[in-house]
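Chemist: See structure_2.txt below, with compact mmCIF, C-alpha atoms.
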```txt
# COMPACT_ATOMS: atom_id res chain seq x y z
CA MET A 1 -13.42 23.87 -7.49
CA ASP A 2 -12.42 26.52 -5.00
CA PRO A 3 -10.76 24.48 -2.27
CA LEU A 4 -12.12 26.80 0.40
CA ALA A 5 -15.71 26.49 -0.81
CA ASN A 6 -18.20 24.25 0.92
CA VAL A 7 -16.12 23.73 4.03
CA CYS A 8 -17.93 21.97 6.86
CA SER A 9 -17.81 24.65 9.53
CA ASN A 10 -19.02 22.18 12.16
CA PHE A 11 -16.24 19.73 11.41
CA GLU A 12 -15.15 19.40 15.04
CA GLN A 13 -18.67 18.64 16.26
CA VAL A 14 -19.39 16.29 13.38
CA GLY A 15 -16.17 14.39 14.02
CA GLN A 16 -16.65 14.13 17.78
CA ALA A 17 -20.27 13.01 17.49
CA PHE A 18 -19.38 10.51 14.81
CA VAL A 19 -16.53 8.92 16.80
CA SER A 20 -18.71 8.47 19.86
CA HIS A 21 -21.49 6.96 17.78
CA TYR A 22 -19.27 4.67 15.70
CA TYR A 23 -17.45 3.03 18.61
CA ASN A 24 -20.55 2.77 20.80
CA THR A 25 -22.26 0.94 17.93
CA PHE A 26 -19.20 -1.19 17.21
CA ASP A 27 -18.89 -2.26 20.83
CA ALA A 28 -22.59 -2.86 21.43
CA ASN A 29 -23.32 -4.78 18.24
CA ARG A 30 -21.09 -4.33 15.27
CA SER A 31 -23.59 -5.82 12.87
CA HIS A 32 -25.48 -2.56 13.27
CA LEU A 33 -22.72 -0.47 11.77
CA GLY A 34 -24.35 -0.43 8.36
CA GLN A 35 -27.77 0.53 9.58
CA LEU A 36 -29.50 3.88 9.44
CA TYR A 37 -31.11 5.60 12.36
CA LYS A 38 -34.54 7.12 12.18
CA VAL A 39 -33.80 10.84 12.51
CA THR A 40 -31.51 12.82 10.24
CA ILE A 41 -28.79 14.94 11.84
CA THR A 42 -29.08 18.51 10.64
CA THR A 43 -26.57 21.32 10.64
CA ALA A 44 -28.72 23.24 13.14
CA SER A 45 -28.76 20.35 15.58
CA LEU A 46 -24.97 20.26 15.59
CA HIS A 47 -24.92 23.46 17.59
CA LEU A 48 -25.49 21.38 20.69
CA LEU A 49 -22.64 20.97 23.13
CA PRO A 50 -20.73 17.73 22.62
CA SER A 51 -22.03 16.46 25.99
CA GLU A 52 -25.58 17.07 24.86
CA LEU A 53 -24.90 15.42 21.53
CA ALA A 54 -23.57 12.36 23.30
CA LYS A 55 -26.70 12.10 25.40
CA CYS A 56 -28.89 12.41 22.32
CA SER A 57 -26.78 10.20 20.12
CA THR A 58 -29.56 7.72 19.46
CA HIS A 59 -31.64 10.47 17.90
CA TYR A 60 -29.10 11.36 15.28
CA LEU A 61 -28.36 9.67 12.06
CA PHE A 62 -25.10 8.72 10.58
CA SER A 63 -25.77 6.77 7.42
CA PHE A 64 -22.51 5.00 7.82
CA TRP A 65 -22.26 3.82 4.27
CA PRO A 66 -24.52 5.25 1.55
CA SER A 67 -27.16 2.91 0.20
CA GLN A 68 -27.03 4.40 -3.28
CA LYS A 69 -23.28 4.32 -3.48
CA ASP A 70 -22.66 0.78 -2.39
CA GLU A 71 -19.43 0.59 -4.29
CA VAL A 72 -17.86 3.75 -2.88
CA SER A 73 -16.89 3.24 0.76
CA MET A 74 -13.51 1.72 1.51
CA LEU A 75 -11.95 -0.01 4.50
CA ASN A 76 -8.30 -0.87 5.04
CA PHE A 77 -7.99 -3.25 7.97
CA GLU A 78 -4.43 -4.02 8.99
CA HIS A 79 -3.59 -3.85 5.31
CA SER A 80 -0.13 -4.62 3.95
CA ALA A 81 1.32 -5.88 0.69
CA GLU A 82 2.17 -9.17 2.42
CA ARG A 83 -1.29 -9.56 3.98
CA PRO A 84 -3.78 -7.47 2.02
CA GLY A 85 -6.79 -6.16 3.92
CA GLN A 86 -8.75 -3.88 1.61
CA TYR A 87 -12.53 -3.94 1.37
CA LYS A 88 -14.81 -1.95 -0.89
CA GLY A 89 -18.54 -1.42 -0.56
CA VAL A 90 -20.97 -1.91 2.31
CA SER A 91 -21.29 -5.68 1.98
CA ALA A 92 -17.58 -6.43 1.94
CA ILE A 93 -16.88 -4.00 4.77
CA LEU A 94 -19.64 -5.33 7.02
CA SER A 95 -18.64 -8.89 6.24
CA LYS A 96 -15.07 -8.17 7.35
CA ILE A 97 -16.14 -6.42 10.54
CA GLN A 98 -18.56 -9.19 11.47
CA SER A 99 -15.95 -11.85 10.79
CA LEU A 100 -13.39 -10.38 13.19
CA PRO A 101 -12.32 -13.12 15.58
CA PHE A 102 -13.83 -11.87 18.82
CA GLN A 103 -17.23 -11.68 20.45
CA GLN A 104 -16.81 -8.68 22.69
CA VAL A 105 -14.77 -5.58 22.13
CA LYS A 106 -14.44 -2.29 23.96
CA HIS A 107 -12.82 0.69 22.28
CA HIS A 108 -11.38 3.34 24.55
CA VAL A 109 -10.76 6.53 22.59
CA ILE A 110 -7.81 8.61 23.78
CA THR A 111 -7.45 11.29 21.08
CA ILE A 112 -9.69 12.61 18.31
CA ASP A 113 -8.37 15.06 15.71
CA CYS A 114 -10.71 16.56 13.09
CA GLN A 115 -10.10 18.68 10.02
CA PRO A 116 -12.36 19.85 7.21
CA THR A 117 -11.76 18.49 3.70
CA PRO A 118 -12.84 19.81 0.31
CA GLY A 119 -16.49 19.21 -0.56
CA GLY A 120 -17.81 19.64 2.97
CA GLY A 121 -16.10 16.53 4.33
CA VAL A 122 -14.35 15.83 7.63
CA ILE A 123 -11.17 13.85 8.24
CA VAL A 124 -10.92 12.28 11.68
CA MET A 125 -7.89 10.55 13.19
CA VAL A 126 -8.55 8.51 16.33
CA CYS A 127 -5.98 6.94 18.64
CA GLY A 128 -6.96 4.68 21.48
CA ASN A 129 -6.96 1.27 23.09
CA LEU A 130 -9.16 -1.73 22.57
CA LEU A 131 -9.84 -4.84 24.62
CA VAL A 132 -11.30 -7.97 23.08
CA ASP A 133 -13.08 -10.78 24.89
CA ALA A 134 -11.30 -11.77 28.12
CA GLU A 135 -7.98 -10.14 27.31
CA GLN A 136 -6.44 -8.08 30.09
CA ILE A 137 -3.90 -6.15 28.06
CA PRO A 138 -5.33 -3.46 25.81
CA GLN A 139 -4.09 -3.14 22.23
CA LYS A 140 -3.29 0.31 20.92
CA PHE A 141 -4.92 1.34 17.66
CA SER A 142 -5.19 4.23 15.26
CA GLN A 143 -8.03 4.77 12.84
CA VAL A 144 -8.68 7.34 10.12
CA PHE A 145 -12.07 8.23 8.71
CA GLN A 146 -13.16 10.61 5.99
CA LEU A 147 -16.81 11.54 6.36
CA LEU A 148 -18.78 13.12 3.53
CA PRO A 149 -22.16 14.84 3.59
CA SER A 150 -25.03 12.77 2.20
CA GLY A 151 -26.79 15.93 1.07
CA ASN A 152 -29.62 15.69 3.59
CA GLY A 153 -27.70 16.82 6.66
CA SER A 154 -26.22 13.42 7.47
CA PHE A 155 -22.73 12.08 6.85
CA TYR A 156 -21.39 8.80 5.60
CA ILE A 157 -17.99 7.12 5.83
CA LEU A 158 -16.11 7.23 2.53
CA ASN A 159 -12.69 6.19 3.86
CA ASP A 160 -11.85 3.98 6.85
CA ILE A 161 -8.30 2.89 7.67
CA PHE A 162 -7.63 0.84 10.81
CA ARG A 163 -4.30 -0.22 12.20
CA LEU A 164 -3.11 -1.68 15.48
CA ASN A 165 -0.04 0.06 16.90
CA ILE A 166 2.04 -2.91 17.88
CA GLY A 167 5.35 -2.72 19.69
CA MET B 1 1.58 6.18 -11.17
CA SER B 2 -0.86 4.54 -8.79
CA ALA B 3 -1.91 6.27 -5.59
CA ASP B 4 0.39 3.92 -3.69
CA ASP B 5 3.29 4.87 -5.95
CA VAL B 6 2.59 8.56 -5.46
CA ALA B 7 2.45 8.20 -1.68
CA LYS B 8 5.55 6.03 -1.52
CA ALA B 9 7.47 8.74 -3.37
CA PHE B 10 5.87 11.76 -1.69
CA ILE B 11 5.96 10.70 1.96
CA PRO B 12 9.68 9.80 2.17
CA HIS B 13 10.40 13.07 0.31
CA TYR B 14 8.30 14.95 2.88
CA TYR B 15 10.09 13.33 5.81
CA ASN B 16 13.49 13.85 4.24
CA LEU B 17 12.77 17.58 3.92
CA PHE B 18 11.37 17.66 7.45
CA ASP B 19 14.47 16.02 8.86
CA THR B 20 17.21 17.68 6.80
CA ASN B 21 15.82 20.87 5.22
CA ARG B 22 12.69 21.82 7.09
CA ALA B 23 12.37 25.20 5.36
CA GLY B 24 11.85 23.32 2.11
CA LEU B 25 8.47 22.06 3.33
CA VAL B 26 6.83 25.42 2.66
CA SER B 27 6.38 24.62 -1.04
CA LEU B 28 4.20 21.63 -0.14
CA PHE B 29 1.55 23.75 1.54
CA ARG B 30 -1.01 26.20 0.17
CA ASN B 31 -3.37 28.70 1.74
CA GLU B 32 -6.00 26.02 2.28
CA SER B 33 -3.64 23.50 3.87
CA THR B 34 -4.30 22.56 7.50
CA LEU B 35 -2.02 21.00 10.11
CA THR B 36 -2.93 19.52 13.50
CA PHE B 37 0.17 18.53 15.45
CA GLU B 38 -0.33 16.65 18.72
CA GLY B 39 -3.71 18.27 19.14
CA ASP B 40 -2.45 21.80 18.39
CA GLY B 41 -4.52 23.14 15.50
CA PRO B 42 -5.87 23.02 12.94
CA LYS B 43 -3.44 25.64 11.71
CA THR B 44 -4.15 26.90 8.21
CA GLY B 45 -1.79 28.18 5.55
CA PRO B 46 1.97 27.94 4.98
CA ALA B 47 2.95 30.65 7.47
CA ALA B 48 1.11 29.17 10.46
CA ILE B 49 2.20 25.65 9.54
CA MET B 50 5.86 26.54 9.11
CA GLU B 51 5.77 28.51 12.37
CA LYS B 52 4.67 25.31 14.12
CA PHE B 53 7.25 23.15 12.39
CA ASN B 54 10.08 25.59 13.06
CA ALA B 55 9.33 25.46 16.78
CA LEU B 56 10.00 21.71 16.86
CA PRO B 57 13.43 20.29 17.70
CA PRO B 58 15.53 18.29 15.23
CA VAL B 59 13.88 14.97 14.45
CA GLN B 60 14.37 11.89 12.33
CA HIS B 61 11.35 10.08 10.92
CA GLN B 62 11.42 6.33 10.30
CA PRO B 63 8.17 5.51 8.48
CA GLN B 64 7.14 1.85 8.70
CA THR B 65 3.74 1.66 7.01
CA ILE B 66 2.37 3.85 4.23
CA GLU B 67 -1.10 3.01 2.91
CA THR B 68 -3.48 4.88 0.65
CA GLN B 69 -7.08 5.14 -0.34
CA PRO B 70 -8.62 7.26 -3.08
CA SER B 71 -10.20 10.38 -1.67
CA THR B 72 -13.20 12.41 -2.80
CA THR B 73 -11.90 13.57 -6.19
CA PRO B 74 -9.69 11.80 -8.74
CA ASN B 75 -6.80 14.12 -7.92
CA ALA B 76 -6.88 13.50 -4.13
CA ILE B 77 -5.26 10.70 -2.12
CA LEU B 78 -5.71 9.83 1.54
CA VAL B 79 -2.49 8.50 3.10
CA PHE B 80 -2.03 6.92 6.52
CA CYS B 81 1.50 6.49 7.79
CA THR B 82 2.84 4.92 10.97
CA GLY B 83 6.40 4.66 12.15
CA GLN B 84 8.93 5.89 14.63
CA ILE B 85 10.40 9.30 15.22
CA LEU B 86 13.65 10.14 16.98
CA ILE B 87 13.73 13.49 18.74
CA GLU B 88 17.15 15.04 19.23
CA ALA B 89 18.70 11.58 19.02
CA GLY B 90 16.57 10.30 21.92
CA LYS B 91 14.60 7.11 22.28
CA PRO B 92 12.34 6.40 19.28
CA LEU B 93 8.66 7.27 19.74
CA LYS B 94 5.89 5.68 17.72
CA TYR B 95 3.63 7.95 15.71
CA SER B 96 0.63 7.94 13.39
CA GLU B 97 0.11 10.53 10.69
CA VAL B 98 -2.63 11.25 8.16
CA PHE B 99 -2.13 13.18 4.95
CA GLN B 100 -4.45 14.22 2.17
CA LEU B 101 -2.50 14.84 -1.01
CA VAL B 102 -4.17 16.90 -3.72
CA ALA B 103 -2.76 17.34 -7.23
CA SER B 104 -2.55 20.97 -8.24
CA ALA B 105 -1.24 19.87 -11.66
CA PRO B 106 -0.63 16.41 -13.14
CA GLY B 107 1.96 14.70 -10.96
CA GLN B 108 2.35 17.73 -8.66
CA TYR B 109 0.88 17.27 -5.21
CA TYR B 110 0.45 19.55 -2.26
CA LEU B 111 -0.68 18.70 1.26
CA HIS B 112 -4.25 19.73 2.00
CA ASN B 113 -4.49 17.99 5.37
CA VAL B 114 -1.86 16.81 7.85
CA ILE B 115 -2.64 15.30 11.27
CA PHE B 116 0.18 14.03 13.51
CA ARG B 117 -0.02 12.12 16.81
CA PHE B 118 2.49 10.29 18.94
CA ASN B 119 1.38 6.84 20.04
CA TYR B 120 2.57 6.81 23.61
CA ALA B 121 3.06 3.44 25.26
```
Please express the file's structure as structure tokens.

Modeler:
Amino acid sequence: MDPLANVCSNFEQVGQAFVSHYYNTFDANRSHLGQLYKVTITTASLHLLPSELAKCSTHYLFSFWPSQKDEVSMLNFEHSAERPGQYKGVSAILSKIQSLPFQQVKHHVITIDCQPTPGGGVIVMVCGNLLVDAEQIPQKFSQVFQLLPSGNGSFYILNDIFRLNIG
Amino acid sequence: MSADDVAKAFIPHYYNLFDTNRAGLVSLFRNESTLTFEGDGPKTGPAAIMEKFNALPPVQHQPQTIETQPSTTPNAILVFCTGQILIEAGKPLKYSEVFQLVASAPGQYYLHNVIFRFNYA
């Protein structure tokens, strides 16, 4: 495959819109992370300004994890050899996210970096802070996503790696 | 070799070159490689990437975590690394870095994607 073929030319917009959508959903009700929205995001609609996209975010679809490829998506959550944290497939991933030991969380994104990947995908690295429940001191985190096109104009998460930056 | 084994060999090799023989990094990049360094980029291709690297001061990387996931094709690996970096023998700064390794031939990997960010306190 020609590595320059099928590059997502809107990778910056896709990544920015996705990050906003993912953390808003996570913070509002993380059990909704696996759900689909009603309207499919199309390449044409991505020509909106990021501020416009943010306002319209509820009208766009990110099928976060593909229904036909239940076994494909992967999450690493604070994974190490000593304390493994690897989850594969929608059910396992959602189960982990829902079982996290807090009620409320607020993610504050500080940086978003996007790059295109072969096959029309987008890699996104996010750095930021998060506050859970009544805690006063935010915890720094980094998170990596690889998004892939679903083939109908929407994107799904193939790879998700989350890590707190402690110390 | 598993993806973890590949990454745990490749990443220290990458940082060793970066820290002691930066010019040697050029062989790890191809025309389609992209680098984003502290928000500057993406820069594409060995020339643009090496130009960015050569403008940086001497550094020493101390990776602390290296984890992998399979990427989109069997010959691609997504790697996420965190650690500390010393700049010109100053105070260590924490960083996060993402790599996508792609095999151009069995056992021979190049870097298709690199994203670097400091994690400021």

Chemist: Excluding region 64-81 of chain B and residues on its chain fewer than 2 positions from it, collect all residues at most 8 Å away from it, counting all atoms listed in the file, and give them as a list of chain:residue names.

Modeler: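 Near region 64-81 of chain B, the qualifying residues are A:Met74, A:His79, A:Ser80, A:Gly119, A:Val144, A:Leu158, A:Asn159, A:Ile161, B:Ala3, B:Asp4, B:Ala7, B:Lys8, B:Gln62, B:Gly83, B:Gln84, B:Ser96, B:Glu97, B:Val98, B:Phe99, B:Gln100, B:Leu101, B:Val102, B:Ala103.
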
Chemist: With all atoms listed in the file as the basis for distance, which of A:Ala81, A:Leu94, A:Cys8, A:Leu100 is at the shortest distance from chain B?

Modeler: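 Using all atoms listed in the file, chain B sits closest to A:Ala81.
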
Chemist: Taking into account all atoms listed in the file, which residue in the set B:Thr36, B:Lys43, B:Phe53, B:Leu86 is nearest to Gly24 (chain B)?

Modeler: B:Phe53

Chemist: Per residue of chain B within 7 Å of chain A, note the shortest atom pair and the distance in Å to one decimal, counting all atoms listed in the file, and order the rows by chain and increasing residue number, as CSV.

Modeler:
```
residue,atom,partner,partner_atom,distance
B:Glu32,CA,A:Leu4,CA,6.4
B:Gly39,CA,A:Asp113,CA,6.6
B:Pro42,CA,A:Gln115,CA,6.7
```

Chemist: Export, as a PDB file, keeping the file's coordinate frame, the selected residues with C-alpha atoms.

Modeler:
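So out.pdb came out as:
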```
ATOM      1  CA  GLU B  32      -6.000  26.020   2.280  1.00  0.00           C
ATOM      2  CA  GLY B  39      -3.710  18.270  19.140  1.00  0.00           C
ATOM      3  CA  PRO B  42      -5.870  23.020  12.940  1.00  0.00           C
TER       4      PRO B  42
END
```

Chemist: Give the centre and edge lengths of an axis-aligned box, in Å to one decimal, that holds all listed atoms of region 118-127 of chain A with 5 Å on each side, as lines of an AutoDock Vina configuration file.

Modeler:
```
center_x = -11.9
center_y = 13.4
center_z = 9.0
size_x = 21.8
size_y = 22.9
size_z = 29.2
```

Chemist: Any idea what the distance is between CA of Gly85 (chain A) and CA of Ser31 (chain A)?

Modeler: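 Between CA of Gly85 (chain A) and CA of Ser31 (chain A) the gap is 19.0 Å.
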
Chemist: State, in Å with one decimal place, the distance from CA of Leu130 (chain A) to CA of Lys106 (chain A).

Modeler: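 Separating CA of Leu130 (chain A) from CA of Lys106 (chain A) is a distance of 5.5 Å.
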
Chemist: Compile a residue-level contact table for region 65-89 of chain B against region 18-23 of chain B at a cut-off of 12 Å, reporting for every qualifying residue the shortest atom pair and its distance in Å to one decimal, with all atoms listed in the file counted, rows ordered by chain and ascending number, as CSV.

Modeler:
```
residue,atom,partner,partner_atom,distance
B:Ile85,CA,B:Asp19,CA,10.1
B:Leu86,CA,B:Asp19,CA,10.1
B:Ile87,CA,B:Asp19,CA,10.2
B:Glu88,CA,B:Asp19,CA,10.8
B:Ala89,CA,B:Asp19,CA,11.9
```

Chemist: Between CA of Ala47 (chain B) and CA of Tyr15 (chain B), measure the distance and give it in Å to one decimal.

Modeler: 18.8 Å

Chemist: I'd like to know which of A:His21, A:Ser154, A:Val132, A:Pro101 is closest to Gly120 (chain A), using all atoms listed in the file.

Modeler: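 Closest to Gly120 (chain A) of all the choices is A:Ser154.
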
Chemist: Could you write region 7-31 of chain A of the block just shown to a file containing C-alpha atoms, as a compact mmCIF listing (two decimals), in the first residue's frame?

Modeler:
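Output file part-v4.txt follows:
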```txt
# COMPACT_ATOMS: atom_id res chain seq x y z
CA VAL A 7 -4.46 10.25 3.88
CA CYS A 8 -7.14 11.99 5.91
CA SER A 9 -6.67 15.56 4.76
CA ASN A 10 -8.97 16.83 7.52
CA PHE A 11 -6.96 15.13 10.23
CA GLU A 12 -6.63 18.27 12.36
CA GLN A 13 -10.37 18.97 12.31
CA VAL A 14 -11.27 15.34 12.89
CA GLY A 15 -8.91 15.14 15.85
CA GLN A 16 -10.05 18.40 17.44
CA ALA A 17 -13.74 17.59 17.04
CA PHE A 18 -13.21 14.10 18.38
CA VAL A 19 -11.33 15.25 21.50
CA SER A 20 -14.01 17.76 22.39
CA HIS A 21 -16.73 15.18 21.88
CA TYR A 22 -14.98 12.35 23.73
CA TYR A 23 -14.24 14.28 26.93
CA ASN A 24 -17.59 16.08 26.99
CA THR A 25 -19.27 12.68 26.79
CA PHE A 26 -16.91 11.14 29.35
CA ASP A 27 -17.53 13.94 31.82
CA ALA A 28 -21.28 14.15 31.33
CA ASN A 29 -22.02 10.43 31.41
CA ARG A 30 -19.30 8.00 30.58
CA SER A 31 -21.71 5.14 30.02
```
